[in-house]
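Student: Please find coords_15.cif (mmCIF, C-alpha atoms) on the next line:
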```
data_coords
loop_
_atom_site.group_PDB
_atom_site.id
_atom_site.type_symbol
_atom_site.label_atom_id
_atom_site.label_comp_id
_atom_site.auth_asym_id
_atom_site.auth_seq_id
_atom_site.Cartn_x
_atom_site.Cartn_y
_atom_site.Cartn_z
ATOM 1 C CA MET A 1 -100.018 -180.562 -31.864
ATOM 2 C CA ASN A 2 -99.795 -178.451 -34.967
ATOM 3 C CA LEU A 3 -99.056 -174.737 -35.097
ATOM 4 C CA ALA A 4 -102.646 -173.751 -35.878
ATOM 5 C CA ASP A 5 -103.926 -175.594 -32.801
ATOM 6 C CA LEU A 6 -101.207 -174.063 -30.650
ATOM 7 C CA ASN A 7 -102.030 -170.564 -31.911
ATOM 8 C CA GLN A 8 -105.723 -171.181 -31.138
ATOM 9 C CA GLU A 9 -104.875 -172.225 -27.578
ATOM 10 C CA VAL A 10 -102.737 -169.120 -27.114
ATOM 11 C CA GLN A 11 -105.621 -166.928 -28.327
ATOM 12 C CA GLU A 12 -107.977 -168.676 -25.900
ATOM 13 C CA LEU A 13 -105.505 -168.057 -23.068
ATOM 14 C CA HIS A 14 -105.450 -164.345 -23.882
ATOM 15 C CA VAL A 15 -109.252 -164.312 -23.677
ATOM 16 C CA VAL A 16 -109.159 -166.024 -20.259
ATOM 17 C CA ILE A 17 -106.595 -163.527 -18.975
ATOM 18 C CA GLY A 18 -108.658 -160.606 -20.283
ATOM 19 C CA LYS A 19 -111.821 -161.881 -18.615
ATOM 20 C CA ASN A 20 -109.993 -162.328 -15.326
ATOM 21 C CA VAL A 21 -108.469 -158.862 -15.442
ATOM 22 C CA LYS A 22 -111.937 -157.407 -16.020
ATOM 23 C CA LYS A 23 -113.453 -159.525 -13.222
ATOM 24 C CA TYR A 24 -110.849 -158.555 -10.630
ATOM 25 C CA ARG A 25 -110.751 -154.923 -11.798
ATOM 26 C CA GLU A 26 -114.513 -154.641 -11.331
ATOM 27 C CA LEU A 27 -114.401 -156.437 -7.959
ATOM 28 C CA LYS A 28 -111.815 -153.903 -6.843
ATOM 29 C CA GLY A 29 -113.970 -151.028 -8.145
ATOM 30 C CA LEU A 30 -111.324 -149.755 -10.553
ATOM 31 C CA SER A 31 -111.958 -148.131 -13.895
ATOM 32 C CA GLN A 32 -109.944 -149.158 -16.927
ATOM 33 C CA LEU A 33 -108.218 -145.773 -16.751
ATOM 34 C CA ALA A 34 -107.235 -146.239 -13.102
ATOM 35 C CA LEU A 35 -105.883 -149.738 -13.748
ATOM 36 C CA SER A 36 -104.031 -148.518 -16.826
ATOM 37 C CA GLY A 37 -102.316 -145.894 -14.696
ATOM 38 C CA ASP A 38 -101.418 -148.505 -12.102
ATOM 39 C CA ILE A 39 -99.476 -150.457 -14.722
ATOM 40 C CA GLY A 40 -97.851 -147.397 -16.289
ATOM 41 C CA HIS A 41 -100.108 -146.597 -19.249
ATOM 42 C CA ALA A 42 -101.690 -143.200 -19.810
ATOM 43 C CA SER A 43 -104.676 -144.449 -21.836
ATOM 44 C CA THR A 44 -107.149 -147.300 -21.561
ATOM 45 C CA THR A 45 -106.302 -148.817 -24.963
ATOM 46 C CA LEU A 46 -104.186 -151.697 -23.655
ATOM 47 C CA VAL A 47 -106.555 -152.657 -20.848
ATOM 48 C CA SER A 48 -109.761 -152.291 -22.870
ATOM 49 C CA GLN A 49 -108.502 -154.283 -25.871
ATOM 50 C CA ALA A 50 -106.770 -156.944 -23.782
ATOM 51 C CA GLU A 51 -109.882 -157.421 -21.619
ATOM 52 C CA LEU A 52 -111.762 -158.229 -24.820
ATOM 53 C CA GLY A 53 -109.032 -160.604 -25.979
ATOM 54 C CA LYS A 54 -108.620 -158.633 -29.189
ATOM 55 C CA GLY A 55 -105.861 -156.448 -30.523
ATOM 56 C CA LYS A 56 -103.392 -155.614 -27.787
ATOM 57 C CA ARG A 57 -102.194 -158.205 -25.294
ATOM 58 C CA PHE A 58 -100.643 -158.129 -21.865
ATOM 59 C CA ASN A 59 -96.985 -159.104 -21.616
ATOM 60 C CA VAL A 60 -95.296 -160.705 -18.604
ATOM 61 C CA GLU A 61 -94.457 -157.333 -17.051
ATOM 62 C CA HIS A 62 -98.084 -156.228 -17.434
ATOM 63 C CA LEU A 63 -99.317 -159.445 -15.813
ATOM 64 C CA TYR A 64 -96.992 -158.943 -12.846
ATOM 65 C CA LYS A 65 -98.077 -155.314 -12.405
ATOM 66 C CA LEU A 66 -101.740 -156.252 -12.818
ATOM 67 C CA SER A 67 -101.480 -158.898 -10.117
ATOM 68 C CA LYS A 68 -99.957 -156.327 -7.754
ATOM 69 C CA ALA A 69 -102.510 -153.617 -8.635
ATOM 70 C CA LEU A 70 -105.395 -156.050 -8.221
ATOM 71 C CA ASP A 71 -103.870 -157.613 -5.092
ATOM 72 C CA ILE A 72 -104.139 -161.165 -6.444
ATOM 73 C CA ASP A 73 -101.736 -164.014 -7.110
ATOM 74 C CA ILE A 74 -100.607 -163.859 -10.737
ATOM 75 C CA CYS A 75 -101.853 -167.450 -11.176
ATOM 76 C CA GLU A 76 -105.436 -166.212 -10.754
ATOM 77 C CA LEU A 77 -105.160 -164.540 -14.161
ATOM 78 C CA PHE A 78 -104.743 -167.928 -15.888
ATOM 79 C CA ILE A 79 -107.742 -169.758 -14.361
ATOM 80 C CA GLU A 80 -110.836 -170.160 -16.524
ATOM 81 C CA PRO A 81 -113.487 -167.898 -14.967
ATOM 82 C CA ALA A 82 -116.652 -169.573 -13.712
#
```
When written as structure tokens, how does the structure in this file appear?

Tutor:
Amino acid sequence: MNLADLNQEVQELHVVIGKNVKKYRELKGLSQLALSGDIGHASTTLVSQAELGKGKRFNVEHLYKLSKALDIDICELFIEPA
């Protein structure tokens, strides 16, 4: 696999994670602001951009905190949404 293909797969993974965060956030009835606060951010910038898969991205610490805030197994964030 070449670097361009690998980078494309990584970008696609970020999109999947963003979609899952949005899905579980909405199922839980949380706003982007509320979820941002739950993971230690004062504004919605990180959550809103990462949910879209553009700009900012969640790091491992964010993913762990998101899974706790959303009360889901962290693995759920990596599964392609139906």

Student: For the structure shown, which residues end up in the PyMOL selection byres ((chain A and resi 62-79) around 6)? Put them as an NGL selection string, please?

Tutor: :A and (17 or 20 or 39 or 58-61 or 80)

Student: Which of these residues is nearest to Val21 of chain A, using all atoms listed in the file: A:Asn7, A:Gly55, A:Thr45, A:Ala50?

Tutor: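 Under the stated criterion, the closest residue is A:Ala50.
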
Student: Figure out the distance between atom CA of Thr44 of chain A and atom CA of Gln8 of chain A, please, to one decimal in Å.

Tutor: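 Interatomic distance, atom CA of Gln8 of chain A to atom CA of Thr44 of chain A: 25.8 Å.
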
Student: Please evaluate the PyMOL selection byres ((chain A and resi 18) around 9) against the displayed coordinates and give the resulting residues as a list in words.

Tutor: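 Going through the file, the PyMOL selection byres ((chain A and resi 18) around 9) ends up selecting Leu13, His14, Val15, Val16, Ile17, Lys19, Asn20, Val21, Lys22, Lys23, Val47, Ser48, Gln49, Ala50, Glu51, Leu52, Gly53, Arg57, Phe58 and Leu77 of chain A.
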
Student: What is the distance, in Å and to one decimal place, between atom CA of Arg25 of chain A and atom CA of Leu46 of chain A?

Tutor: 13.9 Å

Student: To one decimal place in Å, what is the distance between atom CA of Gln11 of chain A and atom CA of Ser31 of chain A?

Tutor: 24.5 Å

Student: Taking all atoms listed in the file into account, which of A:Gly40, A:Gly29, A:Lys54, A:Ala34 comes nearest Glu12 of chain A?

Tutor: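 Under the stated criterion, the closest residue is A:Lys54.
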
Student: Could you add the missing atoms to segment 2-36 of chain A, up to N, CA and C atoms, and return them as a PDB file, in the coordinates of the input?

Tutor:
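Okay, this is what ended up in selection-v1.pdb:
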```
ATOM      1  N   ASN A   2    -100.294-179.272 -33.876  1.00  0.00           N
ATOM      2  CA  ASN A   2     -99.795-178.451 -34.967  1.00  0.00           C
ATOM      3  C   ASN A   2     -99.829-176.969 -34.583  1.00  0.00           C
ATOM      4  N   LEU A   3     -99.199-176.167 -35.396  1.00  0.00           N
ATOM      5  CA  LEU A   3     -99.056-174.737 -35.097  1.00  0.00           C
ATOM      6  C   LEU A   3    -100.400-174.027 -35.024  1.00  0.00           C
ATOM      7  N   ALA A   4    -101.329-174.391 -35.894  1.00  0.00           N
ATOM      8  CA  ALA A   4    -102.646-173.751 -35.878  1.00  0.00           C
ATOM      9  C   ALA A   4    -103.367-174.017 -34.558  1.00  0.00           C
ATOM     10  N   ASP A   5    -103.293-175.255 -34.085  1.00  0.00           N
ATOM     11  CA  ASP A   5    -103.926-175.594 -32.801  1.00  0.00           C
ATOM     12  C   ASP A   5    -103.263-174.853 -31.645  1.00  0.00           C
ATOM     13  N   LEU A   6    -101.947-174.776 -31.688  1.00  0.00           N
ATOM     14  CA  LEU A   6    -101.207-174.063 -30.650  1.00  0.00           C
ATOM     15  C   LEU A   6    -101.573-172.585 -30.643  1.00  0.00           C
ATOM     16  N   ASN A   7    -101.649-171.981 -31.818  1.00  0.00           N
ATOM     17  CA  ASN A   7    -102.030-170.564 -31.911  1.00  0.00           C
ATOM     18  C   ASN A   7    -103.442-170.336 -31.385  1.00  0.00           C
ATOM     19  N   GLN A   8    -104.352-171.286 -31.638  1.00  0.00           N
ATOM     20  CA  GLN A   8    -105.723-171.181 -31.138  1.00  0.00           C
ATOM     21  C   GLN A   8    -105.732-171.243 -29.609  1.00  0.00           C
ATOM     22  N   GLU A   9    -104.952-172.127 -29.037  1.00  0.00           N
ATOM     23  CA  GLU A   9    -104.875-172.225 -27.578  1.00  0.00           C
ATOM     24  C   GLU A   9    -104.308-170.954 -26.959  1.00  0.00           C
ATOM     25  N   VAL A  10    -103.324-170.376 -27.608  1.00  0.00           N
ATOM     26  CA  VAL A  10    -102.737-169.120 -27.114  1.00  0.00           C
ATOM     27  C   VAL A  10    -103.794-168.013 -27.145  1.00  0.00           C
ATOM     28  N   GLN A  11    -104.563-167.938 -28.236  1.00  0.00           N
ATOM     29  CA  GLN A  11    -105.621-166.928 -28.327  1.00  0.00           C
ATOM     30  C   GLN A  11    -106.650-167.132 -27.220  1.00  0.00           C
ATOM     31  N   GLU A  12    -107.022-168.378 -26.968  1.00  0.00           N
ATOM     32  CA  GLU A  12    -107.977-168.676 -25.900  1.00  0.00           C
ATOM     33  C   GLU A  12    -107.422-168.287 -24.536  1.00  0.00           C
ATOM     34  N   LEU A  13    -106.135-168.465 -24.321  1.00  0.00           N
ATOM     35  CA  LEU A  13    -105.505-168.057 -23.068  1.00  0.00           C
ATOM     36  C   LEU A  13    -105.575-166.546 -22.893  1.00  0.00           C
ATOM     37  N   HIS A  14    -105.344-165.810 -23.960  1.00  0.00           N
ATOM     38  CA  HIS A  14    -105.450-164.345 -23.882  1.00  0.00           C
ATOM     39  C   HIS A  14    -106.872-163.911 -23.507  1.00  0.00           C
ATOM     40  N   VAL A  15    -107.857-164.623 -24.016  1.00  0.00           N
ATOM     41  CA  VAL A  15    -109.252-164.312 -23.677  1.00  0.00           C
ATOM     42  C   VAL A  15    -109.498-164.573 -22.197  1.00  0.00           C
ATOM     43  N   VAL A  16    -109.010-165.694 -21.680  1.00  0.00           N
ATOM     44  CA  VAL A  16    -109.159-166.024 -20.259  1.00  0.00           C
ATOM     45  C   VAL A  16    -108.507-164.947 -19.394  1.00  0.00           C
ATOM     46  N   ILE A  17    -107.300-164.557 -19.742  1.00  0.00           N
ATOM     47  CA  ILE A  17    -106.595-163.527 -18.975  1.00  0.00           C
ATOM     48  C   ILE A  17    -107.388-162.229 -18.998  1.00  0.00           C
ATOM     49  N   GLY A  18    -107.882-161.837 -20.174  1.00  0.00           N
ATOM     50  CA  GLY A  18    -108.658-160.606 -20.283  1.00  0.00           C
ATOM     51  C   GLY A  18    -109.910-160.624 -19.428  1.00  0.00           C
ATOM     52  N   LYS A  19    -110.612-161.755 -19.437  1.00  0.00           N
ATOM     53  CA  LYS A  19    -111.821-161.881 -18.615  1.00  0.00           C
ATOM     54  C   LYS A  19    -111.480-161.768 -17.129  1.00  0.00           C
ATOM     55  N   ASN A  20    -110.380-162.385 -16.736  1.00  0.00           N
ATOM     56  CA  ASN A  20    -109.993-162.328 -15.326  1.00  0.00           C
ATOM     57  C   ASN A  20    -109.566-160.932 -14.910  1.00  0.00           C
ATOM     58  N   VAL A  21    -108.851-160.242 -15.763  1.00  0.00           N
ATOM     59  CA  VAL A  21    -108.469-158.862 -15.442  1.00  0.00           C
ATOM     60  C   VAL A  21    -109.730-158.029 -15.247  1.00  0.00           C
ATOM     61  N   LYS A  22    -110.688-158.168 -16.148  1.00  0.00           N
ATOM     62  CA  LYS A  22    -111.937-157.407 -16.020  1.00  0.00           C
ATOM     63  C   LYS A  22    -112.660-157.769 -14.724  1.00  0.00           C
ATOM     64  N   LYS A  23    -112.761-159.062 -14.436  1.00  0.00           N
ATOM     65  CA  LYS A  23    -113.453-159.525 -13.222  1.00  0.00           C
ATOM     66  C   LYS A  23    -112.824-158.921 -11.966  1.00  0.00           C
ATOM     67  N   TYR A  24    -111.515-159.054 -11.836  1.00  0.00           N
ATOM     68  CA  TYR A  24    -110.849-158.555 -10.630  1.00  0.00           C
ATOM     69  C   TYR A  24    -110.808-157.029 -10.593  1.00  0.00           C
ATOM     70  N   ARG A  25    -110.720-156.397 -11.741  1.00  0.00           N
ATOM     71  CA  ARG A  25    -110.751-154.923 -11.798  1.00  0.00           C
ATOM     72  C   ARG A  25    -112.093-154.430 -11.285  1.00  0.00           C
ATOM     73  N   GLU A  26    -113.175-155.049 -11.757  1.00  0.00           N
ATOM     74  CA  GLU A  26    -114.513-154.641 -11.331  1.00  0.00           C
ATOM     75  C   GLU A  26    -114.748-154.951  -9.848  1.00  0.00           C
ATOM     76  N   LEU A  27    -114.266-156.107  -9.385  1.00  0.00           N
ATOM     77  CA  LEU A  27    -114.401-156.437  -7.959  1.00  0.00           C
ATOM     78  C   LEU A  27    -113.689-155.417  -7.080  1.00  0.00           C
ATOM     79  N   LYS A  28    -112.600-154.884  -7.592  1.00  0.00           N
ATOM     80  CA  LYS A  28    -111.815-153.903  -6.843  1.00  0.00           C
ATOM     81  C   LYS A  28    -112.386-152.490  -7.007  1.00  0.00           C
ATOM     82  N   GLY A  29    -113.344-152.328  -7.923  1.00  0.00           N
ATOM     83  CA  GLY A  29    -113.970-151.028  -8.145  1.00  0.00           C
ATOM     84  C   GLY A  29    -113.097-150.060  -8.927  1.00  0.00           C
ATOM     85  N   LEU A  30    -112.227-150.600  -9.771  1.00  0.00           N
ATOM     86  CA  LEU A  30    -111.324-149.755 -10.553  1.00  0.00           C
ATOM     87  C   LEU A  30    -111.846-149.560 -11.965  1.00  0.00           C
ATOM     88  N   SER A  31    -111.656-148.375 -12.487  1.00  0.00           N
ATOM     89  CA  SER A  31    -111.958-148.131 -13.895  1.00  0.00           C
ATOM     90  C   SER A  31    -110.802-148.638 -14.738  1.00  0.00           C
ATOM     91  N   GLN A  32    -111.031-148.770 -16.030  1.00  0.00           N
ATOM     92  CA  GLN A  32    -109.944-149.158 -16.927  1.00  0.00           C
ATOM     93  C   GLN A  32    -108.832-148.106 -16.896  1.00  0.00           C
ATOM     94  N   LEU A  33    -109.213-146.853 -16.793  1.00  0.00           N
ATOM     95  CA  LEU A  33    -108.218-145.773 -16.751  1.00  0.00           C
ATOM     96  C   LEU A  33    -107.361-145.868 -15.494  1.00  0.00           C
ATOM     97  N   ALA A  34    -107.990-146.124 -14.357  1.00  0.00           N
ATOM     98  CA  ALA A  34    -107.235-146.239 -13.102  1.00  0.00           C
ATOM     99  C   ALA A  34    -106.275-147.423 -13.161  1.00  0.00           C
ATOM    100  N   LEU A  35    -106.749-148.567 -13.661  1.00  0.00           N
ATOM    101  CA  LEU A  35    -105.883-149.738 -13.748  1.00  0.00           C
ATOM    102  C   LEU A  35    -104.759-149.512 -14.751  1.00  0.00           C
ATOM    103  N   SER A  36    -105.067-148.841 -15.839  1.00  0.00           N
ATOM    104  CA  SER A  36    -104.031-148.518 -16.826  1.00  0.00           C
ATOM    105  C   SER A  36    -102.922-147.700 -16.186  1.00  0.00           C
TER     106      SER A  36
END
```
